[in-house]
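Student: Please see the structure below; I have some questions.
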Amino acid sequence: MRGKEKIFLLLAIIAAMGVSCASASFNRYYLGVAIDVGINIILAVSLNLINGHTGQFSLGHAGFMAVGGYVAAKITLVWGSALPAGAQPFLFAGALLVGGIVAALAGLAVGVPSLRLRGDYLAIVTLGFGEIIRVIFQTSDYFGAATGLTGIAKLTNFGWAWGLAAVTVYVVASLVNSTYGRGFIAVHDDEIAASAMGINPVRYKVTAFVVGAFFAGIAGGLYAHHKAVLSPGGFDFIKSIEIVVMVILGGMGRTAGVIFAAVILTILPELLRGVAEYRMIIYSLLIIGLMLTRPQGLFTFGKKGTAS
Amino acid sequence: MDWFLQQLINGLALGAIYALIALGYTMVYGVLRFINFAHSDVLMLGAFAAYYLAPPVASALGTASVPTALVVIILSAAICAVIGMTIEFLAYRPLRQRPRLTVLITAIGVSLFIEFTGQHEKVFGAATKPFPTLLPKKEIIVGALRCSSNDLVVVGLTAVLLAAMWFIVQRTKVGMAMRAVSFNEQAASLMGVNVNAIISFTFAIGSALAAIGGIFYSMRAPGIEPLMGVQPGLRAFIAAVLGGIGNLPGAALGGLVLGLIETFFGGMPGLSDYRDGIAFALLILILLFRPAGLLGKLQTEKV
Amino acid sequence: MSAALLEVERVTIKFGGVTAVCDLDMCVGERELIGLIGPNGAGKTTAFNLITGVYQPTSGSIRFCQKPTAGIKPYILSLRGISRTFQNIRLFAQMTVLDNVRTAMQGNRAQRVRDALLRGRTFREVEARVEHEAMELLKIFSLDHFHDSMGKSLPYGDQRRLEIVRALATQPKLLLLDEPAAGMNPTEKQELMELIRFVQDKFQIAVLLVEHDMKVVMGICQRINVLDYGRKIAEGTPDEIRANPKVIAAYLGQETDDDA
């Protein structure tokens, strides 16, 4: 791989923007679903860094998404009208970035206490943090309390969603597929052996949480400006589980598999519109069935930790 | 002072409910080393079992009477015991040798399955249903303190059940086998313990207690619905961790402490909005400063 | 006496009511090959864990390169030059053989996050160099043709050698080997003995060896410390230890793998 990754990234971004420009003639519905797919890819790949690669079972990813979404939405709501139309994209980019950074800080707040916790305890603590974040937004009048925020500008388009998805994949894959990145997997496999070999487990775990949270925040910002409405109920434990299922289905730690899983799990409910009432039931059976038969995931090809 | 005593009484009742449910979490963690996410849904099923059983039983034994209450409670507990054993057999037993994370995720799947199947119209439906009155409700007033007879029943029955649990675990052969399995499964089976049977038994008891806890919880709640188990379940789990997960007296203690703290916070003006967050904040504090819980012992990994 | 590489001075560690190691005095000089033996449960692995910072002593002090190790995290001690293998092999299960070694090289030749993200020339150079060095190391131990296989798929003896290679990749000054001969047949043990002597010579490092097999210990160690119930009961050359009545008494009734 001789610098091809950066070229892929550039091509992907250009393609995304290209599709965006032509999108005026696309079917609104399909376009909406495509944007959802892009957002979910960001969520799944960012969670994969925490859960899959570094092996920290985090059940609170929706909380980071909420932080990014609310912060970004508040920024555009407050300043959107003050700036001319030409500056809107920059405001949007800035809002997303700030949302991501605040989410990353939340990731730091969650990651540090989680350092000494194993599997099940960690899952519960991250779940608890996710719930606390949700409760904070639910009781905060500044963020609309239980009703949430409405009237958010629909600034997210295909270009933004998929362009940023490409960036997320690039960043996470680049981090992991390097000598540096072996540290994440080492911490996952055997923390004590990793320590004995000079790997600082704290640094890797915290990095995973911070980077993962950052991109979840970006996804949240994109989501807010796609749906135009944000309510705390949409960022609950169930949402976190949905993202976790994508990571599990894709084979924890396999970037390509996780992307596929995100695509499929976003499109499937749309296809199953007719049986929407059974959606969560099917979801849960899927999880159970997967764990009983193929816990390593469905899309397992290639070695672990390699990007597509 | 009166306010304090009032909160104390309310807190004990809530704490008793948490204790009953927490026992199930801690017992399962003790023998299988994982958190049974589906436990919270068993308490919901207990409440619904009572909901459907109450009318026929009441018509035979009288509405809101002690015999009715007893029969409904016992039957619901039995039903949930069977449900618990079934879940273990179908979803957890095949994964006995797998990493604990796999079972955890499966438990989440089972939990969601029960919740969302319950929400379907053909099953329970998503709407909140009023919980039938099982016991004649009397208000007892002593000075400025008021408490409901239900609360007294809850605290009393819980005390009896906790004592029964203690007796079973400490003084019977089955209890000894349970403790053996929780210390070292392999050694226990080498000693002739039928590990599968003991684990089934653990799930049966835990689920029965959860069902009873669910019924008691519903007696104080405005109504029941398929997702009702999530919040009390989460609190009960936090209580179990608070007391030291895997430790039975710890679960009871944790339940009481959490019930009291939540009630006191709920009674304080200005802070009551954050009542929901208190439990989680407490959880995080415990795991930061004393992960083994109040009564637990930290397990160090052998290098 | 010149300052030793590793100085363990009156170290005691208590776990609750159990004193696992009591008043241990030990030192390892540069390029020395020292043995640490004793019956099961004597506290040998605990001593390793104390030296590598996994446990903190209840009392006493440990100095490495004249600097105290108290309160220093294990990964920092590794960066300072202490490396180890484990009694139960602890390879990185999800990684290839090559990656196991690469990971151990991350600490010292720390590749910067920035470089990994930018994927520029610096990154490629570092990656190439790391891979080259790792392969060279594997080649020395005849494991290079396995480089792409999963560590766990190797035969047992090769896994133990891989663990040693991985430990060496951190460029240590002191290498702690925890029962490297466990589960090996006599031929493999002979090869191991030569391997350890070779490693010590080629990499100019000190080695502290915990081992149950007396033939291995007596065969290669310059000095041997004997522990029993957490206390050191003897220290000396292999001949001195072999004849020491206290040592014989400690092992009386214990089955040893081979005859000394």
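Chain identifiers are assigned as A, B, and so on, following the order in which chains appear in the structure tokens; residues are numbered from 1 within each chain, and ligands are numbered from 1 in order of appearance.
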Between chain A and chain C, at 8 Å or less, what are the per-residue closest atom pairs and their distances in Å? Count only C-alpha atoms, order by chain and rising residue number, and return it as CSV.
Tutor:
residue,atom,partner,partner_atom,distance
A:Arg2,CA,C:Arg124,CA,8.0
A:Gly3,CA,C:Arg119,CA,6.5
A:Lys6,CA,C:Arg119,CA,7.6
A:Val171,CA,C:Leu117,CA,6.4
A:Ser174,CA,C:Leu117,CA,5.6
A:Leu175,CA,C:Ala116,CA,5.9
A:Ser178,CA,C:Ala116,CA,6.4
A:Thr179,CA,C:Gln106,CA,6.1
A:Tyr180,CA,C:Gln111,CA,5.7
A:Arg182,CA,C:Thr103,CA,5.5
A:Gly183,CA,C:Thr103,CA,6.2
A:Ile185,CA,C:Gln94,CA,7.5
A:Ala186,CA,C:Phe92,CA,6.1
A:Asp189,CA,C:Phe92,CA,5.5
A:Asp190,CA,C:Phe92,CA,6.4
A:Ala193,CA,C:Arg90,CA,6.2
A:Ala194,CA,C:Tyr75,CA,7.8
A:Ser195,CA,C:Tyr75,CA,4.4
A:Ala196,CA,C:Tyr75,CA,5.6
A:Met197,CA,C:Ala104,CA,5.0
A:Gly198,CA,C:Tyr75,CA,4.3
A:Ile199,CA,C:Tyr75,CA,5.7
A:Asn200,CA,C:Tyr75,CA,5.7
A:Lys304,CA,C:Gln94,CA,7.2
Student: Compute the set of chain C residues within 10 Å of chain B, using only C-alpha atoms, and express it as number ranges by chain.
Tutor: C: 45-46, 48-49, 54-55, 86-88, 90
Student: Which chain A residues are at most 9 Å from chain B (counting only C-alpha atoms), as JSON, numbers by chain?
Tutor: {"A": [57, 113, 114, 116, 117, 119, 120, 121, 124, 125, 128, 129, 131, 132, 135, 136, 139, 192, 238, 241, 277, 278, 279, 280, 281, 282, 283, 284, 285, 286, 287, 288, 289, 290, 291, 292, 295]}
Student: What would the file look like if the residues just selected were written as a short mmCIF file (atom, residue, chain, number, x, y, z; two decimals), in the first residue's frame with N, CA and C atoms?
Tutor:
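Heads up, here's the output in out.cif:
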data_model
loop_
_atom_site.label_atom_id
_atom_site.label_comp_id
_atom_site.auth_asym_id
_atom_site.auth_seq_id
_atom_site.Cartn_x
_atom_site.Cartn_y
_atom_site.Cartn_z
N PHE A 57 -15.99 -2.88 25.90
CA PHE A 57 -17.38 -3.04 25.52
C PHE A 57 -18.21 -1.83 25.96
N PRO A 113 -12.59 6.88 33.76
CA PRO A 113 -13.06 6.01 34.85
C PRO A 113 -13.18 4.55 34.42
N SER A 114 -13.34 4.31 33.15
CA SER A 114 -13.58 2.94 32.70
C SER A 114 -12.33 2.11 32.66
N ARG A 116 -10.22 0.71 34.65
CA ARG A 116 -9.93 -0.54 35.35
C ARG A 116 -11.03 -1.57 35.22
N LEU A 117 -12.06 -1.27 34.46
CA LEU A 117 -13.20 -2.17 34.48
C LEU A 117 -13.16 -3.20 33.38
N GLY A 119 -15.08 -6.28 30.99
CA GLY A 119 -16.27 -6.61 30.23
C GLY A 119 -17.62 -6.16 30.72
N ASP A 120 -18.24 -6.95 31.61
CA ASP A 120 -19.61 -6.65 31.98
C ASP A 120 -19.73 -5.36 32.78
N TYR A 121 -18.80 -5.11 33.69
CA TYR A 121 -18.85 -3.86 34.45
C TYR A 121 -18.75 -2.67 33.53
N ILE A 124 -21.95 -1.88 31.73
CA ILE A 124 -22.94 -1.20 32.57
C ILE A 124 -22.56 0.25 32.83
N VAL A 125 -21.30 0.50 33.08
CA VAL A 125 -20.89 1.89 33.35
C VAL A 125 -21.10 2.76 32.12
N GLY A 128 -24.62 3.40 31.82
CA GLY A 128 -25.00 4.42 32.79
C GLY A 128 -24.64 5.82 32.33
N PHE A 129 -23.44 5.97 31.77
CA PHE A 129 -23.03 7.28 31.27
C PHE A 129 -23.94 7.74 30.15
N GLU A 131 -27.00 6.96 29.72
CA GLU A 131 -28.27 7.36 30.31
C GLU A 131 -28.14 8.72 30.99
N ILE A 132 -27.05 8.95 31.70
CA ILE A 132 -26.85 10.23 32.37
C ILE A 132 -26.85 11.37 31.36
N VAL A 135 -30.34 11.98 30.30
CA VAL A 135 -31.10 12.66 31.34
C VAL A 135 -30.72 14.14 31.41
N ILE A 136 -29.43 14.42 31.24
CA ILE A 136 -29.00 15.83 31.25
C ILE A 136 -29.69 16.63 30.16
N THR A 139 -33.40 17.17 30.93
CA THR A 139 -33.78 18.13 31.96
C THR A 139 -33.25 19.52 31.68
N ILE A 192 -1.98 -7.35 30.17
CA ILE A 192 -0.77 -7.52 30.99
C ILE A 192 0.44 -7.76 30.11
N ILE A 238 -31.45 1.87 23.50
CA ILE A 238 -31.80 1.09 22.31
C ILE A 238 -30.95 1.53 21.12
N ILE A 241 -27.61 0.10 21.38
CA ILE A 241 -27.63 -1.31 21.02
C ILE A 241 -27.64 -1.49 19.51
N GLU A 277 -43.59 -3.39 12.57
CA GLU A 277 -43.90 -3.72 13.95
C GLU A 277 -43.05 -4.90 14.44
N TYR A 278 -42.51 -5.67 13.51
CA TYR A 278 -41.69 -6.80 13.93
C TYR A 278 -40.21 -6.47 13.94
N ARG A 279 -39.89 -5.23 13.57
CA ARG A 279 -38.48 -4.88 13.37
C ARG A 279 -37.61 -5.20 14.58
N MET A 280 -38.00 -4.72 15.75
CA MET A 280 -37.15 -4.93 16.91
C MET A 280 -37.14 -6.40 17.32
N ILE A 281 -38.27 -7.08 17.05
CA ILE A 281 -38.31 -8.50 17.40
C ILE A 281 -37.30 -9.25 16.52
N ILE A 282 -37.29 -8.91 15.25
CA ILE A 282 -36.33 -9.55 14.35
C ILE A 282 -34.91 -9.21 14.76
N TYR A 283 -34.69 -7.95 15.10
CA TYR A 283 -33.38 -7.50 15.58
C TYR A 283 -32.89 -8.38 16.72
N SER A 284 -33.77 -8.52 17.71
CA SER A 284 -33.33 -9.24 18.91
C SER A 284 -33.08 -10.71 18.59
N LEU A 285 -33.92 -11.29 17.74
CA LEU A 285 -33.67 -12.69 17.36
C LEU A 285 -32.37 -12.80 16.59
N LEU A 286 -32.08 -11.78 15.79
CA LEU A 286 -30.84 -11.75 15.03
C LEU A 286 -29.64 -11.80 15.97
N ILE A 287 -29.71 -10.97 17.01
CA ILE A 287 -28.61 -10.93 17.98
C ILE A 287 -28.44 -12.30 18.63
N ILE A 288 -29.54 -12.86 19.10
CA ILE A 288 -29.46 -14.14 19.80
C ILE A 288 -28.92 -15.21 18.85
N GLY A 289 -29.51 -15.27 17.66
CA GLY A 289 -29.08 -16.27 16.70
C GLY A 289 -27.60 -16.14 16.36
N LEU A 290 -27.18 -14.91 16.17
CA LEU A 290 -25.78 -14.66 15.82
C LEU A 290 -24.84 -15.15 16.91
N MET A 291 -25.17 -14.85 18.14
CA MET A 291 -24.31 -15.24 19.25
C MET A 291 -24.28 -16.75 19.42
N LEU A 292 -25.43 -17.39 19.12
CA LEU A 292 -25.45 -18.83 19.30
C LEU A 292 -24.71 -19.55 18.19
N PRO A 295 -20.61 -16.15 16.55
CA PRO A 295 -20.30 -14.95 17.33
C PRO A 295 -19.19 -14.10 16.72
#
Student: Just the strand (DSSP E or B) stuff from range 126-167 of chain B, please, per backbone DSSP, written as a ChimeraX atom specification.
Tutor: /B:129,139-142,145-148
Student: So, counting only C-alpha atoms, which residue among B:Leu258, B:Val71, B:Trp3, B:Leu32 is closest to Val181 in chain B?
Tutor: B:Leu32
